[in-house]
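Chemist: Can you read through this structure? Questions will come right after.
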Amino acid sequence: MMFKRNEFDAGTMSHVSRRELLAAGAALSLAQVLSEPGLAAEVAAGLETIAIRTPSGREVSAAWAAPAAASAPALMLVHEFWGLNDQIKAVAAEFARLGYGALAVDLYGGKAASNSEPDTARALMAAVKAEEASETLAAWIDWLRASPRVKGGVATCGWCFGGGWSLAASILRPVEATVVYYGNVSRTADDLRRLKGPVLGHFATRDGWINHPMVEGFEKAMKEAGKRLEVYWYEADHAFANPTTARYDEANAKLAWSRTLEFLKRELG
């Protein structure tokens, strides 16, 4: 079933079933799904909520998007500084549509901020305790490794705040591949020697924080550690791959997405 984008207005949405919306999500591009809040919410609602306890006894949750196959390679997704919202869940659903299991983890304890609440998002990000976040991510990778739903490799992928944590998670629990979208990659060669698989990094030339000096230092450290790294620069700003923000750059987002899929296919199968 194929919908045109302008068919998803408030009147139409009330007459379209969830099954039809999910089918439409498969036909539309990911960017179109994410640009329609109602559709993204419907796609996100199709994910399964999973909760586990960490070794310290904390209960943590994540959203699981299952592929059609009984088991498949899997990705752990780490959200931007907005929190685990419908956008990240819709990305997980898209990965599942492409044949991967996708686990979108929550590092904010169930809280999230809308794009109109950057101060709230900053407060949520600042409240994250590094030791707890590290334990949470390691526990979820362990869950993926032990799950009968996962067959083959495991990768991590994150954006912004989650980009840095994607890399950190792959150091904590070596995985087959790591994807970083404009995340903090300030790491020593000693840290990076713990990586198992290669890293793919997407960075923006107009990003004032995740900039050339930081990434060049990362490239040098990865080389010293003897690890594989692919770096791509885009004439864009931070968060260029997020269709729900003003910084979205459609052409560069599509290019980065295609490179991500090629990388994962090569490393995970």
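Following the order of the structure tokens, chains are lettered A, B, ..., residues in each are numbered from 1, and ligands are numbered from 1.
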A:Glu131: which residues within 12 Å, counting only C-alpha atoms, same-chain residues fewer than 4 positions away excluded, as a ChimeraX atom specification?

Modeler: /A:54,56,107,127,135-138,165,168-169,172

Chemist: Next, the residues of the selection above should be written as a CSV table (one decimal), in the first residue's frame with N, CA and C atoms.

Modeler:
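Writing the result to selection-v7.csv gives the following:
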```
chain,number,residue,atom,x,y,z
A,54,THR,N,20.1,-4.7,35.5
A,54,THR,CA,21.6,-4.6,35.3
A,54,THR,C,22.2,-5.4,36.5
A,56,SER,N,23.9,-4.3,38.9
A,56,SER,CA,23.7,-3.5,40.1
A,56,SER,C,22.3,-3.5,40.6
A,107,LEU,N,18.6,5.8,27.9
A,107,LEU,CA,19.6,6.2,28.9
A,107,LEU,C,19.0,7.3,29.8
A,127,ALA,N,22.1,14.9,33.5
A,127,ALA,CA,21.8,14.0,34.6
A,127,ALA,C,22.3,12.6,34.5
A,135,GLU,N,27.0,0.7,32.4
A,135,GLU,CA,26.5,-0.6,32.8
A,135,GLU,C,25.3,-0.9,32.0
A,136,THR,N,24.4,0.1,31.7
A,136,THR,CA,23.2,-0.2,31.0
A,136,THR,C,23.5,-0.7,29.6
A,137,LEU,N,24.5,0.0,28.9
A,137,LEU,CA,24.8,-0.4,27.5
A,137,LEU,C,25.5,-1.8,27.5
A,138,ALA,N,26.4,-2.0,28.4
A,138,ALA,CA,27.0,-3.3,28.5
A,138,ALA,C,26.0,-4.4,28.7
A,165,TRP,N,28.2,7.5,22.9
A,165,TRP,CA,28.0,6.3,23.6
A,165,TRP,C,28.0,5.1,22.8
A,168,ALA,N,31.6,4.3,23.0
A,168,ALA,CA,31.9,3.8,24.3
A,168,ALA,C,31.4,2.4,24.6
A,169,ALA,N,30.2,2.1,24.1
A,169,ALA,CA,29.6,0.7,24.3
A,169,ALA,C,30.5,-0.3,23.6
A,172,LEU,N,33.3,-1.1,25.7
A,172,LEU,CA,33.0,-1.8,26.9
A,172,LEU,C,32.7,-3.3,26.5
```

Chemist: Excluding A:Val215 and its own-chain neighbours fewer than 2 positions away, which residues fall within 12 Å of it when counting only C-alpha atoms? Please give them as a PyMOL selection string.

Modeler: chain A and resi 164+180-187+200-205+207+209-213+217-222+229-233

Chemist: So that I can check the surroundings of A:Ala74, please list as a VMD selection string every protein, DNA and RNA residue that reaches within 8 Å of it, counting only C-alpha atoms and ignoring chain neighbours fewer than 5 positions away.

Modeler: chain A and resid 100 to 103 144 150 to 155

Chemist: Can you check which residues of stretch 99-172 of chain A DSSP gives as strand (DSSP E or B) on the backbone and send them as a list in words?

Modeler: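 So, restricting stretch 99-172 of chain A to strand (DSSP E or B), we get Gly101, Ala102, Leu103, Ala104, Val105, Ala112, Val150, Lys151, Gly152, Gly153, Val154, Ala155, Thr156, Cys157, Gly158 and Trp159 of chain A.
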
Chemist: Those same residues, written as a compact mmCIF listing (two decimals), in the first residue's frame with all heavy atoms?

Modeler:
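Generated output (part.txt):
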```txt
# COMPACT_ATOMS: atom_id res chain seq x y z
N GLY A 101 17.61 -7.12 13.60
CA GLY A 101 16.97 -6.83 14.86
C GLY A 101 17.52 -5.50 15.35
O GLY A 101 18.71 -5.23 15.20
N ALA A 102 16.67 -4.65 15.90
CA ALA A 102 17.13 -3.32 16.34
C ALA A 102 16.61 -3.03 17.74
O ALA A 102 15.40 -3.02 17.97
CB ALA A 102 16.66 -2.25 15.37
N LEU A 103 17.53 -2.78 18.64
CA LEU A 103 17.20 -2.49 20.03
C LEU A 103 17.54 -1.04 20.33
O LEU A 103 18.71 -0.65 20.34
CB LEU A 103 18.01 -3.41 20.96
CG LEU A 103 17.68 -3.31 22.44
CD1 LEU A 103 16.36 -4.03 22.74
CD2 LEU A 103 18.80 -3.90 23.29
N ALA A 104 16.51 -0.22 20.54
CA ALA A 104 16.71 1.20 20.84
C ALA A 104 16.70 1.37 22.36
O ALA A 104 15.65 1.24 23.00
CB ALA A 104 15.60 2.04 20.20
N VAL A 105 17.86 1.65 22.92
CA VAL A 105 17.99 1.69 24.37
C VAL A 105 17.62 3.07 24.91
O VAL A 105 17.59 4.06 24.18
CB VAL A 105 19.42 1.31 24.81
CG1 VAL A 105 19.79 -0.07 24.31
CG2 VAL A 105 20.44 2.35 24.34
N ALA A 112 11.99 12.05 28.06
CA ALA A 112 12.43 12.57 26.77
C ALA A 112 11.95 14.00 26.63
O ALA A 112 11.02 14.43 27.31
CB ALA A 112 11.89 11.72 25.62
N VAL A 150 18.76 -13.19 18.15
CA VAL A 150 19.93 -12.64 17.46
C VAL A 150 20.82 -13.77 16.96
O VAL A 150 21.21 -14.65 17.73
CB VAL A 150 20.74 -11.71 18.39
CG1 VAL A 150 21.98 -11.19 17.68
CG2 VAL A 150 19.86 -10.56 18.87
N LYS A 151 21.10 -13.76 15.68
CA LYS A 151 21.99 -14.74 15.07
C LYS A 151 22.97 -13.99 14.20
O LYS A 151 22.59 -13.29 13.27
CB LYS A 151 21.20 -15.75 14.24
CG LYS A 151 22.07 -16.82 13.58
CD LYS A 151 21.22 -17.78 12.77
CE LYS A 151 22.09 -18.86 12.12
NZ LYS A 151 21.28 -19.81 11.32
N GLY A 152 24.24 -14.13 14.49
CA GLY A 152 25.25 -13.40 13.73
C GLY A 152 25.82 -12.26 14.56
O GLY A 152 25.80 -12.29 15.80
N GLY A 153 26.28 -11.23 13.89
CA GLY A 153 26.98 -10.16 14.57
C GLY A 153 26.06 -9.16 15.25
O GLY A 153 24.85 -9.11 15.04
N VAL A 154 26.70 -8.32 16.08
CA VAL A 154 26.03 -7.22 16.77
C VAL A 154 26.79 -5.94 16.46
O VAL A 154 28.02 -5.92 16.44
CB VAL A 154 26.00 -7.46 18.30
CG1 VAL A 154 25.47 -6.22 19.03
CG2 VAL A 154 25.15 -8.69 18.63
N ALA A 155 26.05 -4.87 16.22
CA ALA A 155 26.66 -3.56 15.96
C ALA A 155 26.00 -2.52 16.85
O ALA A 155 24.91 -2.74 17.39
CB ALA A 155 26.49 -3.17 14.49
N THR A 156 26.66 -1.39 17.01
CA THR A 156 26.07 -0.26 17.73
C THR A 156 25.97 0.92 16.77
O THR A 156 26.77 1.06 15.84
CB THR A 156 26.91 0.16 18.95
OG1 THR A 156 28.17 0.68 18.51
CG2 THR A 156 27.14 -1.02 19.89
N CYS A 157 24.98 1.77 17.01
CA CYS A 157 24.79 2.96 16.18
C CYS A 157 24.18 4.05 17.05
O CYS A 157 23.22 3.80 17.78
CB CYS A 157 23.88 2.65 15.00
SG CYS A 157 23.57 4.05 13.89
N GLY A 158 24.74 5.27 16.97
CA GLY A 158 24.20 6.35 17.78
C GLY A 158 24.39 7.70 17.12
O GLY A 158 25.23 7.86 16.23
N TRP A 159 23.60 8.65 17.58
CA TRP A 159 23.58 10.00 17.01
C TRP A 159 23.83 11.02 18.11
O TRP A 159 23.24 10.95 19.18
CB TRP A 159 22.22 10.28 16.38
CG TRP A 159 21.82 9.34 15.28
CD1 TRP A 159 21.91 9.57 13.93
CD2 TRP A 159 21.28 8.02 15.41
NE1 TRP A 159 21.46 8.49 13.22
CE2 TRP A 159 21.06 7.51 14.10
CE3 TRP A 159 20.95 7.21 16.50
CZ2 TRP A 159 20.55 6.25 13.87
CZ3 TRP A 159 20.44 5.94 16.27
CH2 TRP A 159 20.24 5.47 14.96
```

Chemist: For A:Ala62, list every protein, DNA or RNA residue within 9 Å, evaluated using only C-alpha atoms, and leave out those in the same chain fewer than 5 positions away; present the list as a PyMOL selection string.

Modeler: chain A and resi 48-52+84+103-106+140

Chemist: Pull all heavy atoms from the residues just selected and write them as an mmCIF file, in the first residue's frame.

Modeler:
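The resulting again.cif:
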```cif
data_model
loop_
_atom_site.group_PDB
_atom_site.id
_atom_site.type_symbol
_atom_site.label_atom_id
_atom_site.label_comp_id
_atom_site.auth_asym_id
_atom_site.auth_seq_id
_atom_site.Cartn_x
_atom_site.Cartn_y
_atom_site.Cartn_z
ATOM 1 N N GLU A 48 8.287 -3.546 20.547
ATOM 2 C CA GLU A 48 8.092 -4.242 21.823
ATOM 3 C C GLU A 48 8.969 -3.588 22.892
ATOM 4 O O GLU A 48 10.151 -3.345 22.677
ATOM 5 C CB GLU A 48 8.474 -5.713 21.671
ATOM 6 C CG GLU A 48 8.404 -6.523 22.956
ATOM 7 C CD GLU A 48 8.930 -7.943 22.783
ATOM 8 O OE1 GLU A 48 9.278 -8.314 21.642
ATOM 9 O OE2 GLU A 48 8.991 -8.662 23.793
ATOM 10 N N THR A 49 8.385 -3.312 24.049
ATOM 11 C CA THR A 49 9.165 -2.774 25.168
ATOM 12 C C THR A 49 9.722 -3.933 25.978
ATOM 13 O O THR A 49 8.983 -4.832 26.387
ATOM 14 C CB THR A 49 8.304 -1.880 26.073
ATOM 15 O OG1 THR A 49 7.823 -0.770 25.310
ATOM 16 C CG2 THR A 49 9.122 -1.355 27.252
ATOM 17 N N ILE A 50 11.025 -3.886 26.214
ATOM 18 C CA ILE A 50 11.712 -4.940 26.957
ATOM 19 C C ILE A 50 12.391 -4.312 28.163
ATOM 20 O O ILE A 50 12.959 -3.218 28.067
ATOM 21 C CB ILE A 50 12.758 -5.647 26.075
ATOM 22 C CG1 ILE A 50 12.069 -6.367 24.913
ATOM 23 C CG2 ILE A 50 13.585 -6.646 26.890
ATOM 24 C CD1 ILE A 50 13.025 -6.953 23.911
ATOM 25 N N ALA A 51 12.351 -4.983 29.291
ATOM 26 C CA ALA A 51 13.018 -4.503 30.501
ATOM 27 C C ALA A 51 13.923 -5.608 31.051
ATOM 28 O O ALA A 51 13.564 -6.789 31.024
ATOM 29 C CB ALA A 51 12.003 -4.079 31.556
ATOM 30 N N ILE A 52 15.083 -5.212 31.526
ATOM 31 C CA ILE A 52 16.013 -6.141 32.163
ATOM 32 C C ILE A 52 16.577 -5.467 33.416
ATOM 33 O O ILE A 52 16.391 -4.262 33.620
ATOM 34 C CB ILE A 52 17.176 -6.550 31.236
ATOM 35 C CG1 ILE A 52 18.005 -5.310 30.839
ATOM 36 C CG2 ILE A 52 16.660 -7.278 29.998
ATOM 37 C CD1 ILE A 52 19.283 -5.659 30.081
ATOM 38 N N LEU A 84 14.915 8.847 24.098
ATOM 39 C CA LEU A 84 14.357 7.786 23.253
ATOM 40 C C LEU A 84 12.951 8.191 22.827
ATOM 41 O O LEU A 84 11.965 7.980 23.537
ATOM 42 C CB LEU A 84 14.323 6.455 24.008
ATOM 43 C CG LEU A 84 13.762 5.255 23.235
ATOM 44 C CD1 LEU A 84 14.471 5.062 21.909
ATOM 45 C CD2 LEU A 84 13.823 3.997 24.083
ATOM 46 N N LEU A 103 17.528 -2.778 18.644
ATOM 47 C CA LEU A 103 17.203 -2.494 20.035
ATOM 48 C C LEU A 103 17.540 -1.037 20.325
ATOM 49 O O LEU A 103 18.709 -0.650 20.344
ATOM 50 C CB LEU A 103 18.006 -3.410 20.962
ATOM 51 C CG LEU A 103 17.680 -3.313 22.441
ATOM 52 C CD1 LEU A 103 16.361 -4.029 22.736
ATOM 53 C CD2 LEU A 103 18.803 -3.903 23.287
ATOM 54 N N ALA A 104 16.510 -0.218 20.536
ATOM 55 C CA ALA A 104 16.706 1.198 20.844
ATOM 56 C C ALA A 104 16.704 1.372 22.360
ATOM 57 O O ALA A 104 15.654 1.244 23.002
ATOM 58 C CB ALA A 104 15.601 2.035 20.201
ATOM 59 N N VAL A 105 17.861 1.646 22.924
ATOM 60 C CA VAL A 105 17.991 1.690 24.375
ATOM 61 C C VAL A 105 17.620 3.071 24.912
ATOM 62 O O VAL A 105 17.591 4.061 24.183
ATOM 63 C CB VAL A 105 19.423 1.313 24.815
ATOM 64 C CG1 VAL A 105 19.795 -0.067 24.305
ATOM 65 C CG2 VAL A 105 20.435 2.351 24.337
ATOM 66 N N ASP A 106 17.351 3.111 26.209
ATOM 67 C CA ASP A 106 16.941 4.349 26.877
ATOM 68 C C ASP A 106 17.936 4.665 27.985
ATOM 69 O O ASP A 106 18.056 3.911 28.945
ATOM 70 C CB ASP A 106 15.532 4.169 27.453
ATOM 71 C CG ASP A 106 15.003 5.418 28.137
ATOM 72 O OD1 ASP A 106 15.686 6.457 28.092
ATOM 73 O OD2 ASP A 106 13.912 5.349 28.726
ATOM 74 N N TRP A 140 22.833 -4.418 27.861
ATOM 75 C CA TRP A 140 22.014 -4.641 26.668
ATOM 76 C C TRP A 140 22.789 -5.402 25.592
ATOM 77 O O TRP A 140 22.221 -6.242 24.883
ATOM 78 C CB TRP A 140 21.485 -3.323 26.118
ATOM 79 C CG TRP A 140 20.282 -2.822 26.841
ATOM 80 C CD1 TRP A 140 20.131 -1.625 27.489
ATOM 81 C CD2 TRP A 140 19.026 -3.503 26.990
ATOM 82 N NE1 TRP A 140 18.885 -1.521 28.043
ATOM 83 C CE2 TRP A 140 18.174 -2.661 27.739
ATOM 84 C CE3 TRP A 140 18.546 -4.738 26.570
ATOM 85 C CZ2 TRP A 140 16.867 -3.021 28.079
ATOM 86 C CZ3 TRP A 140 17.240 -5.104 26.907
ATOM 87 C CH2 TRP A 140 16.423 -4.252 27.646
#
```

Chemist: Find the distance between atom CA of A:Phe81 and atom CA of A:Pro198 and write it in Å to one decimal.

Modeler: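 Here the two named atoms are 24.5 Å from each other.
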
Chemist: Considering only C-alpha atoms, state which residue in the set A:Pro174, A:Pro67, A:Gly83, A:Gly269 is at the smallest distance from A:Phe95.

Modeler: A:Pro67

Chemist: Would you pick out the contacts of A:Ala246 at 10 Å or less, using only C-alpha atoms, so that residues sharing its chain but fewer than 4 positions from it are not included, and give the list as a PyMOL selection string?

Modeler: chain A and resi 115+237+239-240+242

Chemist: Separation of atom CA of A:Phe263 and atom CA of A:Lys196, in Å?

Modeler: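 Computing the Euclidean distance for atom CA of A:Phe263 and atom CA of A:Lys196 yields 15.1 Å.
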
Chemist: Have a look at A:Gly197, A:Gly99, A:Trp82, A:Leu255 and name the one nearest to A:Glu117; count only C-alpha atoms.

Modeler: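 Of all the options, A:Trp82 lies closest to A:Glu117.
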